[in-house]
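**Q** Let me give you the structure first, and then I'll get to my questions.
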Amino acid sequence: MIGAIIIIVLLLVIFPVSIMMSGAVLSAIIGGMAKTSVDSAHAGTEDLTISQANPYSGPQ
């Protein structure tokens, strides 16, 4: 009986959480690589300056 409870806990709790967390890690890695690529492609342009500006500080 205890084996069935362990299997149910694994299937309902552990596996879904581990899949979601690995997806979050993969998304962070892909997002970081994309940002680095785009920032290097737009280095020295006004687009990069605008994207790095703080929108809450108001116009400058």
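Residues are referred to by chain and number: the chain letter is A, B, ... according to the order shown in the structure tokens, the number counts from 1 in that chain, and ligands are numbered separately from 1 in the order shown.
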Give me every helix (DSSP H, G or I) residue in chain A, going by DSSP on the backbone, as JSON, numbers by chain.
**A** {"A": [2, 3, 4, 5, 6, 7, 8, 9, 10, 11, 12, 13, 14, 15, 16, 17, 18, 19, 20, 21, 22, 23, 24, 25, 26, 27, 28, 29, 30, 31, 32, 33, 34, 35, 36, 37, 38, 39, 40, 41, 46, 47, 48, 49, 50, 51, 52]}
**Q** Please write the residues from the selection above to a file, keeping C-alpha atoms, as a JSON list (two decimals), in the first residue's frame.
**A**
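This went into part-v9.json:
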```
[["chain", "number", "residue", "atom", "x", "y", "z"],
["A", 2, "ILE", "CA", 2.82, 2.42, 0.82],
["A", 3, "GLY", "CA", 4.33, 1.79, -2.62],
["A", 4, "ALA", "CA", 1.10, 2.88, -4.32],
["A", 5, "ILE", "CA", 1.03, 6.10, -2.27],
["A", 6, "ILE", "CA", 4.64, 6.86, -3.21],
["A", 7, "ILE", "CA", 3.90, 6.31, -6.90],
["A", 8, "ILE", "CA", 0.80, 8.56, -6.72],
["A", 9, "VAL", "CA", 2.81, 11.33, -5.02],
["A", 10, "LEU", "CA", 5.52, 11.04, -7.66],
["A", 11, "LEU", "CA", 3.04, 11.19, -10.53],
["A", 12, "LEU", "CA", 0.93, 14.03, -9.12],
["A", 13, "VAL", "CA", 3.52, 16.24, -7.41],
["A", 14, "ILE", "CA", 7.16, 15.54, -8.14],
["A", 15, "PHE", "CA", 7.10, 14.93, -11.92],
["A", 16, "PRO", "CA", 4.92, 17.94, -12.88],
["A", 17, "VAL", "CA", 6.92, 20.30, -10.67],
["A", 18, "SER", "CA", 10.24, 19.07, -12.04],
["A", 19, "ILE", "CA", 9.01, 19.44, -15.63],
["A", 20, "MET", "CA", 7.80, 23.00, -14.97],
["A", 21, "MET", "CA", 11.04, 23.99, -13.24],
["A", 22, "SER", "CA", 13.18, 22.57, -16.04],
["A", 23, "GLY", "CA", 11.03, 24.51, -18.52],
["A", 24, "ALA", "CA", 11.60, 27.70, -16.52],
["A", 25, "VAL", "CA", 15.36, 27.14, -16.52],
["A", 26, "LEU", "CA", 15.38, 26.45, -20.25],
["A", 27, "SER", "CA", 13.32, 29.60, -20.90],
["A", 28, "ALA", "CA", 15.76, 31.70, -18.87],
["A", 29, "ILE", "CA", 18.73, 30.31, -20.80],
["A", 30, "ILE", "CA", 17.11, 30.89, -24.20],
["A", 31, "GLY", "CA", 15.99, 34.40, -23.17],
["A", 32, "GLY", "CA", 19.48, 35.31, -21.98],
["A", 33, "MET", "CA", 21.06, 34.06, -25.19],
["A", 34, "ALA", "CA", 18.52, 35.98, -27.30],
["A", 35, "LYS", "CA", 19.10, 39.20, -25.32],
["A", 36, "THR", "CA", 22.86, 38.91, -25.65],
["A", 37, "SER", "CA", 22.58, 38.32, -29.39],
["A", 38, "VAL", "CA", 20.23, 41.25, -29.98],
["A", 39, "ASP", "CA", 22.24, 43.60, -27.73],
["A", 40, "SER", "CA", 25.44, 42.81, -29.63],
["A", 41, "ALA", "CA", 23.68, 43.31, -32.97],
["A", 46, "GLU", "CA", 19.94, 54.50, -30.38],
["A", 47, "ASP", "CA", 17.75, 51.40, -30.18],
["A", 48, "LEU", "CA", 20.01, 49.82, -27.56],
["A", 49, "THR", "CA", 20.09, 53.05, -25.54],
["A", 50, "ILE", "CA", 16.31, 53.28, -25.57],
["A", 51, "SER", "CA", 15.84, 49.65, -24.60],
["A", 52, "GLN", "CA", 18.17, 50.04, -21.60]]
```
